[in-house]
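Trainee: Following this message is one structure expressed as structure tokens.
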Amino acid sequence: FSGAIAQIVGEPAEGDIVGGFAQDGSFLAYGHYQIGSIAVRVLSFSGEDVFDPGFWVNMISRAKNVRASVGLTSVDSRTNCYRLVHGEGDGLPGLIIDYYDGVCVIQAHSVGMFRSKSAICEALKTVYGDSLKAVYDKSSGTAPFKAGLNLIDGYLYKAEGFSDDEQIVLENGNRFLVNWTEGQKTGFFLDQRENRNLVGRYSRGRNVLNLFCYTGSFSVYAAEGRASRVESVDLSNTYLTWTKQNMALNGFT
């Protein structure tokens, strides 16, 4: 935090990688410098070379291995979409990466992560290899807008022949159409997977009201859980259309 810094040496720009040192000169951490109460978002406490492209490959590989440990990356999994990088939880503060069956959607919440997009994209290509279809940057709504950044969403990478802005993914065996260019967040609320599963378990024989339904994911789980009736409500006709499509994809009217 800014209040814990006694002295700043030099004139770091927002987003620069800086080193933190104790008053006796001993190393504390490397991180992205930013203007605000959180002055440094820590990337490494170990002195790992955060300036090397291998740093990003290592960190993203670690995150992928965590998901693999719970079966999310298996080719025969009933789920092929998941949150690959969840900020501080994966040691990459200010970065969200959601994975949709070969498409990675990035959201940078800090200047440092926004400026590291190219390195992150190259690391994703290394980690996923030929199975990576595309990398899409959707940081315009999350990166600091006062930092003078060029906040325009767009593709950082497309495999040859890939041209879609949406695709059907699996979550616990349920099918969902995800549009990462027009949808909220990265296109789908992947962090609600276990909550959706819970709703499905409680829905048998009940009337379920899903307010602010967005793409109707909770409605699909309720119907799959044998609810007597499911009502889905949203102000957006586009979202209601997506809800109807998702219900139909899973065999419900």
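Each chain of the structure tokens is named A, B, ... in the order shown, its residues numbered from 1; ligands are numbered from 1 in display order.
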From the DSSP assignment of the backbone, select every residue of region 96-216 of chain A that is strand (DSSP E), and format the answer as a PyMOL selection string.
Mentor: chain A and resi 96-100+103-108+134-137+154-158+166-171+174-179+207-211
Trainee: Include N, CA, C and O atoms and write out the residues we just selected as a short mmCIF file (atom, residue, chain, number, x, y, z; two decimals), in the first residue's frame.
Mentor:
```cif
data_model
loop_
_atom_site.label_atom_id
_atom_site.label_comp_id
_atom_site.auth_asym_id
_atom_site.auth_seq_id
_atom_site.Cartn_x
_atom_site.Cartn_y
_atom_site.Cartn_z
N ILE A 96 -7.78 -11.18 -15.50
CA ILE A 96 -8.77 -12.24 -15.61
C ILE A 96 -8.63 -12.86 -17.00
O ILE A 96 -8.56 -12.15 -18.00
N ILE A 97 -8.58 -14.19 -17.06
CA ILE A 97 -8.62 -14.90 -18.33
C ILE A 97 -9.66 -16.00 -18.23
O ILE A 97 -9.57 -16.88 -17.36
N ASP A 98 -10.68 -15.93 -19.09
CA ASP A 98 -11.69 -16.98 -19.15
C ASP A 98 -11.48 -17.80 -20.41
O ASP A 98 -11.19 -17.26 -21.49
N TYR A 99 -11.65 -19.11 -20.27
CA TYR A 99 -11.38 -20.06 -21.35
C TYR A 99 -12.68 -20.68 -21.84
O TYR A 99 -13.45 -21.23 -21.05
N TYR A 100 -12.94 -20.56 -23.14
CA TYR A 100 -14.15 -21.10 -23.75
C TYR A 100 -13.77 -22.07 -24.87
O TYR A 100 -13.67 -21.68 -26.03
N VAL A 103 -10.94 -20.74 -26.83
CA VAL A 103 -10.89 -19.27 -26.95
C VAL A 103 -10.62 -18.68 -25.57
O VAL A 103 -11.35 -18.97 -24.61
N CYS A 104 -9.57 -17.88 -25.46
CA CYS A 104 -9.25 -17.20 -24.20
C CYS A 104 -9.65 -15.73 -24.30
O CYS A 104 -9.25 -15.04 -25.25
N VAL A 105 -10.44 -15.28 -23.33
CA VAL A 105 -10.87 -13.88 -23.27
C VAL A 105 -10.19 -13.22 -22.08
O VAL A 105 -10.31 -13.69 -20.95
N ILE A 106 -9.45 -12.14 -22.37
CA ILE A 106 -8.64 -11.45 -21.36
C ILE A 106 -9.34 -10.17 -20.92
O ILE A 106 -9.88 -9.43 -21.74
N GLN A 107 -9.32 -9.92 -19.62
CA GLN A 107 -9.71 -8.61 -19.08
C GLN A 107 -8.62 -8.13 -18.14
O GLN A 107 -8.30 -8.78 -17.15
N ALA A 108 -8.02 -6.99 -18.48
CA ALA A 108 -7.00 -6.36 -17.63
C ALA A 108 -7.67 -5.33 -16.74
O ALA A 108 -8.41 -4.47 -17.23
N ALA A 134 -8.26 -18.74 -30.38
CA ALA A 134 -8.22 -17.28 -30.43
C ALA A 134 -7.95 -16.71 -29.05
O ALA A 134 -8.20 -17.37 -28.03
N VAL A 135 -7.42 -15.48 -29.03
CA VAL A 135 -7.27 -14.70 -27.79
C VAL A 135 -7.94 -13.36 -28.04
O VAL A 135 -7.57 -12.64 -28.99
N TYR A 136 -8.93 -13.03 -27.22
CA TYR A 136 -9.69 -11.79 -27.39
C TYR A 136 -9.50 -10.90 -26.18
O TYR A 136 -9.65 -11.35 -25.04
N ASP A 137 -9.13 -9.66 -26.41
CA ASP A 137 -8.95 -8.69 -25.32
C ASP A 137 -10.24 -7.91 -25.13
O ASP A 137 -10.73 -7.26 -26.05
N GLY A 154 -10.62 -6.18 -28.96
CA GLY A 154 -10.31 -6.82 -30.23
C GLY A 154 -9.48 -8.07 -30.05
O GLY A 154 -9.03 -8.40 -28.95
N TYR A 155 -9.27 -8.77 -31.15
CA TYR A 155 -8.52 -10.02 -31.12
C TYR A 155 -7.02 -9.75 -31.07
O TYR A 155 -6.50 -8.94 -31.83
N LEU A 156 -6.33 -10.46 -30.20
CA LEU A 156 -4.87 -10.43 -30.15
C LEU A 156 -4.29 -11.57 -30.97
O LEU A 156 -3.14 -11.51 -31.40
N TYR A 157 -5.12 -12.59 -31.18
CA TYR A 157 -4.67 -13.75 -31.95
C TYR A 157 -5.88 -14.51 -32.47
O TYR A 157 -6.90 -14.62 -31.79
N LYS A 158 -5.78 -15.01 -33.71
CA LYS A 158 -6.77 -15.91 -34.29
C LYS A 158 -6.04 -17.02 -35.03
O LYS A 158 -5.14 -16.74 -35.83
N GLU A 166 -18.68 -16.10 -31.30
CA GLU A 166 -19.45 -16.85 -30.31
C GLU A 166 -19.30 -18.34 -30.61
O GLU A 166 -18.95 -18.72 -31.73
N GLN A 167 -19.54 -19.14 -29.60
CA GLN A 167 -19.54 -20.59 -29.82
C GLN A 167 -20.26 -21.27 -28.67
O GLN A 167 -20.51 -20.68 -27.62
N ILE A 168 -20.62 -22.53 -28.90
CA ILE A 168 -21.32 -23.31 -27.89
C ILE A 168 -20.30 -24.03 -27.01
O ILE A 168 -19.36 -24.65 -27.52
N VAL A 169 -20.48 -23.91 -25.70
CA VAL A 169 -19.59 -24.55 -24.75
C VAL A 169 -20.39 -25.46 -23.83
O VAL A 169 -21.63 -25.39 -23.77
N LEU A 170 -19.67 -26.32 -23.12
CA LEU A 170 -20.28 -27.24 -22.17
C LEU A 170 -19.94 -26.84 -20.73
O LEU A 170 -18.80 -26.49 -20.44
N GLU A 171 -20.94 -26.91 -19.86
CA GLU A 171 -20.71 -26.73 -18.43
C GLU A 171 -21.54 -27.76 -17.68
O GLU A 171 -22.78 -27.72 -17.74
N ASN A 174 -24.32 -29.27 -19.60
CA ASN A 174 -25.28 -28.33 -20.20
C ASN A 174 -24.60 -27.51 -21.28
O ASN A 174 -23.41 -27.18 -21.17
N ARG A 175 -25.34 -27.16 -22.32
CA ARG A 175 -24.79 -26.44 -23.46
C ARG A 175 -25.21 -24.97 -23.41
O ARG A 175 -26.36 -24.65 -23.13
N PHE A 176 -24.24 -24.07 -23.69
CA PHE A 176 -24.52 -22.64 -23.66
C PHE A 176 -23.84 -21.95 -24.84
O PHE A 176 -22.68 -22.24 -25.16
N LEU A 177 -24.58 -21.05 -25.47
CA LEU A 177 -24.01 -20.20 -26.51
C LEU A 177 -23.38 -18.99 -25.84
O LEU A 177 -24.07 -18.25 -25.13
N VAL A 178 -22.08 -18.78 -26.04
CA VAL A 178 -21.36 -17.68 -25.41
C VAL A 178 -20.88 -16.71 -26.48
O VAL A 178 -20.22 -17.10 -27.44
N ASN A 179 -21.22 -15.43 -26.32
CA ASN A 179 -20.78 -14.37 -27.22
C ASN A 179 -19.88 -13.43 -26.41
O ASN A 179 -20.36 -12.67 -25.57
N ASN A 207 -41.36 -24.09 -8.46
CA ASN A 207 -41.48 -22.98 -9.41
C ASN A 207 -40.28 -22.07 -9.20
O ASN A 207 -40.04 -21.61 -8.07
N VAL A 208 -39.53 -21.79 -10.26
CA VAL A 208 -38.29 -21.03 -10.16
C VAL A 208 -38.43 -19.71 -10.92
O VAL A 208 -38.81 -19.69 -12.09
N LEU A 209 -38.11 -18.61 -10.24
CA LEU A 209 -38.11 -17.29 -10.86
C LEU A 209 -36.67 -16.80 -10.97
O LEU A 209 -35.98 -16.66 -9.97
N ASN A 210 -36.21 -16.58 -12.19
CA ASN A 210 -34.84 -16.12 -12.45
C ASN A 210 -34.90 -14.67 -12.94
O ASN A 210 -35.15 -14.41 -14.12
N LEU A 211 -34.67 -13.75 -12.02
CA LEU A 211 -34.69 -12.33 -12.36
C LEU A 211 -33.31 -11.89 -12.86
O LEU A 211 -32.29 -12.39 -12.41
#
```
Trainee: Please return, as a PyMOL selection string, all residues of region 97-205 of chain A that DSSP assigns to alpha helix (DSSP H) on the basis of the backbone.
Mentor: chain A and resi 111-115+117-128+193-202
Trainee: Using only C-alpha atoms for the distances, tell me which of A:Asp24, A:Asp90, A:Glu231, A:Glu224 is nearest to Asn58 (chain A).
Mentor: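 Ranked by minimum distance to Asn58 (chain A), first place goes to A:Asp90.
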Trainee: CA of Asp49 (chain A) and CA of Pro93 (chain A) are how many Å apart?
Mentor: 16.7 Å
Trainee: What does the distance from CA of Gly3 (chain A) to CA of Pro144 (chain A) come to in Å, to one decimal?
Mentor: 21.2 Å
Trainee: I'd like the interatomic distance between CA of Ile8 (chain A) and CA of Ser26 (chain A), to a tenth of an Å.
Mentor: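 CA of Ser26 (chain A) lies 15.3 Å from CA of Ile8 (chain A).
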Trainee: Env of Leu92 (chain A): 9 Å cut, atoms = only C-alpha atoms, seq-sep filter 2 positions within chain, self excluded. Answer as a compact mmCIF listing (two decimals) with all heavy atoms, in the first residue's frame.
Mentor:
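What ended up in around-v4.txt:
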```
# COMPACT_ATOMS: atom_id res chain seq x y z
N ARG A 41 1.06 -3.84 -7.23
CA ARG A 41 0.37 -5.14 -7.31
C ARG A 41 1.45 -6.21 -7.50
O ARG A 41 2.07 -6.29 -8.55
CB ARG A 41 -0.63 -5.15 -8.47
CG ARG A 41 -1.86 -4.28 -8.23
CD ARG A 41 -2.78 -4.35 -9.44
NE ARG A 41 -4.00 -3.57 -9.24
CZ ARG A 41 -5.18 -4.09 -8.93
NH1 ARG A 41 -5.30 -5.40 -8.76
NH2 ARG A 41 -6.25 -3.33 -8.79
N VAL A 42 1.65 -7.01 -6.50
CA VAL A 42 2.81 -7.91 -6.45
C VAL A 42 2.67 -9.07 -7.43
O VAL A 42 1.65 -9.77 -7.48
CB VAL A 42 3.01 -8.44 -5.02
CG1 VAL A 42 4.11 -9.50 -5.01
CG2 VAL A 42 3.38 -7.30 -4.09
N LEU A 43 3.74 -9.28 -8.21
CA LEU A 43 3.83 -10.40 -9.15
C LEU A 43 4.70 -11.53 -8.62
O LEU A 43 4.49 -12.69 -8.95
CB LEU A 43 4.40 -9.92 -10.49
CG LEU A 43 3.57 -8.89 -11.26
CD1 LEU A 43 4.37 -8.35 -12.45
CD2 LEU A 43 2.27 -9.51 -11.74
N MET A 59 3.52 -18.83 -15.03
CA MET A 59 2.35 -18.51 -14.21
C MET A 59 1.06 -19.04 -14.82
O MET A 59 0.18 -19.55 -14.11
CB MET A 59 2.26 -17.00 -14.02
CG MET A 59 3.42 -16.40 -13.24
SD MET A 59 3.58 -17.06 -11.55
CE MET A 59 2.16 -16.31 -10.76
N VAL A 85 -7.45 -17.74 -15.22
CA VAL A 85 -6.68 -16.89 -14.31
C VAL A 85 -7.65 -16.00 -13.55
O VAL A 85 -8.47 -15.30 -14.15
CB VAL A 85 -5.66 -16.02 -15.07
CG1 VAL A 85 -5.01 -15.01 -14.14
CG2 VAL A 85 -4.59 -16.90 -15.72
N HIS A 86 -7.56 -16.05 -12.23
CA HIS A 86 -8.46 -15.27 -11.36
C HIS A 86 -7.63 -14.35 -10.46
O HIS A 86 -7.55 -14.54 -9.25
CB HIS A 86 -9.32 -16.21 -10.53
CG HIS A 86 -10.57 -15.55 -10.02
ND1 HIS A 86 -11.70 -16.26 -9.68
CD2 HIS A 86 -10.87 -14.24 -9.80
CE1 HIS A 86 -12.64 -15.43 -9.26
NE2 HIS A 86 -12.15 -14.20 -9.30
N GLY A 87 -6.99 -13.35 -11.10
CA GLY A 87 -6.30 -12.29 -10.37
C GLY A 87 -5.34 -12.78 -9.32
O GLY A 87 -4.51 -13.68 -9.55
N GLU A 88 -5.47 -12.20 -8.12
CA GLU A 88 -4.57 -12.52 -7.02
C GLU A 88 -4.57 -14.01 -6.68
O GLU A 88 -3.57 -14.55 -6.22
CB GLU A 88 -4.96 -11.71 -5.78
CG GLU A 88 -4.59 -10.25 -5.82
CD GLU A 88 -5.59 -9.39 -6.58
OE1 GLU A 88 -6.51 -9.96 -7.21
OE2 GLU A 88 -5.45 -8.15 -6.55
N GLY A 89 -5.70 -14.69 -6.90
CA GLY A 89 -5.80 -16.11 -6.58
C GLY A 89 -4.81 -16.95 -7.36
O GLY A 89 -4.42 -18.04 -6.92
N ASP A 90 -4.37 -16.45 -8.52
CA ASP A 90 -3.38 -17.15 -9.33
C ASP A 90 -2.07 -16.39 -9.40
O ASP A 90 -1.24 -16.65 -10.28
CB ASP A 90 -3.94 -17.39 -10.74
CG ASP A 90 -5.05 -18.42 -10.74
OD1 ASP A 90 -4.76 -19.60 -10.42
OD2 ASP A 90 -6.20 -18.07 -11.05
N GLY A 94 -4.91 -8.20 -11.10
CA GLY A 94 -5.33 -7.31 -12.17
C GLY A 94 -5.59 -8.02 -13.48
O GLY A 94 -5.85 -7.38 -14.50
N LEU A 95 -5.56 -9.37 -13.49
CA LEU A 95 -5.75 -10.12 -14.73
C LEU A 95 -6.83 -11.19 -14.56
O LEU A 95 -6.80 -11.98 -13.63
CB LEU A 95 -4.45 -10.79 -15.16
CG LEU A 95 -4.51 -11.64 -16.44
CD1 LEU A 95 -4.82 -10.77 -17.66
CD2 LEU A 95 -3.21 -12.40 -16.65
N ILE A 96 -7.78 -11.18 -15.50
CA ILE A 96 -8.77 -12.24 -15.61
C ILE A 96 -8.63 -12.86 -17.00
O ILE A 96 -8.56 -12.15 -18.00
CB ILE A 96 -10.21 -11.69 -15.45
CG1 ILE A 96 -10.42 -11.10 -14.05
CG2 ILE A 96 -11.25 -12.78 -15.74
CD1 ILE A 96 -10.35 -12.12 -12.92
N MET A 113 -1.14 -4.88 -16.35
CA MET A 113 -1.63 -6.05 -17.08
C MET A 113 -2.05 -5.67 -18.50
O MET A 113 -1.85 -6.43 -19.45
CB MET A 113 -2.79 -6.70 -16.34
CG MET A 113 -2.37 -7.49 -15.12
SD MET A 113 -1.18 -8.80 -15.54
CE MET A 113 -0.88 -9.49 -13.91
```
Trainee: Would you mind listing what lies within 6 Å of Ala39 (chain A) as a list in words, with only C-alpha atoms counted and same-chain residues fewer than 4 positions away left out?
Mentor: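 Listed by chain and then number, they are Phe1, Ser2, Tyr33, Gln34 and Ile35 of chain A.
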Trainee: For Ser110 (chain A), which of A:Ala227, A:Leu84, A:Ala143, A:Val18 is the closest residue, counting only C-alpha atoms?
Mentor: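 Result for the nearest residue to Ser110 (chain A): A:Ala143.
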Trainee: Of the candidates A:Lys138, A:Arg193, A:Lys125, A:His109, which one gets nearest to Leu72 (chain A) if we count only C-alpha atoms?
Mentor: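 For Leu72 (chain A), the nearest of the given residues is A:Arg193.
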Trainee: Restricting the calculation to only C-alpha atoms: of A:Gly183, A:Gly10, A:Gly47, A:Gly173, which residue gets closest to Asn197 (chain A)?
Mentor: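 Checking each of A:Gly183, A:Gly10, A:Gly47, A:Gly173 against Asn197 (chain A), counting only C-alpha atoms, the winner is A:Gly173.
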Trainee: Fewer than 6 positions away in the same chain doesn't count, so skip those; otherwise give me all residues within 10 Å of Tyr214 (chain A), counting only C-alpha atoms, as a VMD selection string.
Mentor: chain A and resid 183 to 184 188 to 189 232 to 243
Trainee: I'd like the neighbourhood of Gln7 (chain A) as a PyMOL selection string, where a residue qualifies if any of its atoms comes within 12 Å (using only C-alpha atoms), though same-chain residues fewer than 6 positions away should be ignored.
Mentor: chain A and resi 20-23
Trainee: Quick one: write out the picked residues with N, CA, C and O atoms as a PDB file, in the first residue's frame?
Mentor:
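Final file, out-v3.pdb:
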```
ATOM      1  N   GLY A  20      10.422  -3.860  -4.763  1.00  0.00           N
ATOM      2  CA  GLY A  20      10.212  -3.355  -3.410  1.00  0.00           C
ATOM      3  C   GLY A  20      11.297  -3.874  -2.497  1.00  0.00           C
ATOM      4  O   GLY A  20      11.655  -5.057  -2.547  1.00  0.00           O
ATOM      5  N   PHE A  21      11.860  -2.969  -1.674  1.00  0.00           N
ATOM      6  CA  PHE A  21      12.970  -3.345  -0.795  1.00  0.00           C
ATOM      7  C   PHE A  21      12.725  -2.810   0.613  1.00  0.00           C
ATOM      8  O   PHE A  21      12.142  -1.740   0.794  1.00  0.00           O
ATOM      9  N   ALA A  22      13.199  -3.574   1.592  1.00  0.00           N
ATOM     10  CA  ALA A  22      13.105  -3.133   2.983  1.00  0.00           C
ATOM     11  C   ALA A  22      14.130  -2.030   3.230  1.00  0.00           C
ATOM     12  O   ALA A  22      15.010  -1.769   2.404  1.00  0.00           O
ATOM     13  N   GLN A  23      14.019  -1.366   4.356  1.00  0.00           N
ATOM     14  CA  GLN A  23      14.924  -0.254   4.651  1.00  0.00           C
ATOM     15  C   GLN A  23      16.372  -0.707   4.789  1.00  0.00           C
ATOM     16  O   GLN A  23      17.292   0.090   4.616  1.00  0.00           O
TER      17      GLN A  23
END
```
Trainee: Please determine, counting only C-alpha atoms, which residue among A:Ser116, A:Gln192, A:Asn250, A:Asn172 has the shortest atom-to-atom distance to Asp52 (chain A).
Mentor: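 The shortest atom-to-atom distance to Asp52 (chain A) comes from A:Ser116.
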Trainee: Return the single residue from A:Gly225, A:Gly200, A:Gly216, A:Gly36 that is closest to Ala248 (chain A), with distances computed using only C-alpha atoms.
Mentor: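 Among the listed residues, A:Gly216 lies closest to Ala248 (chain A).
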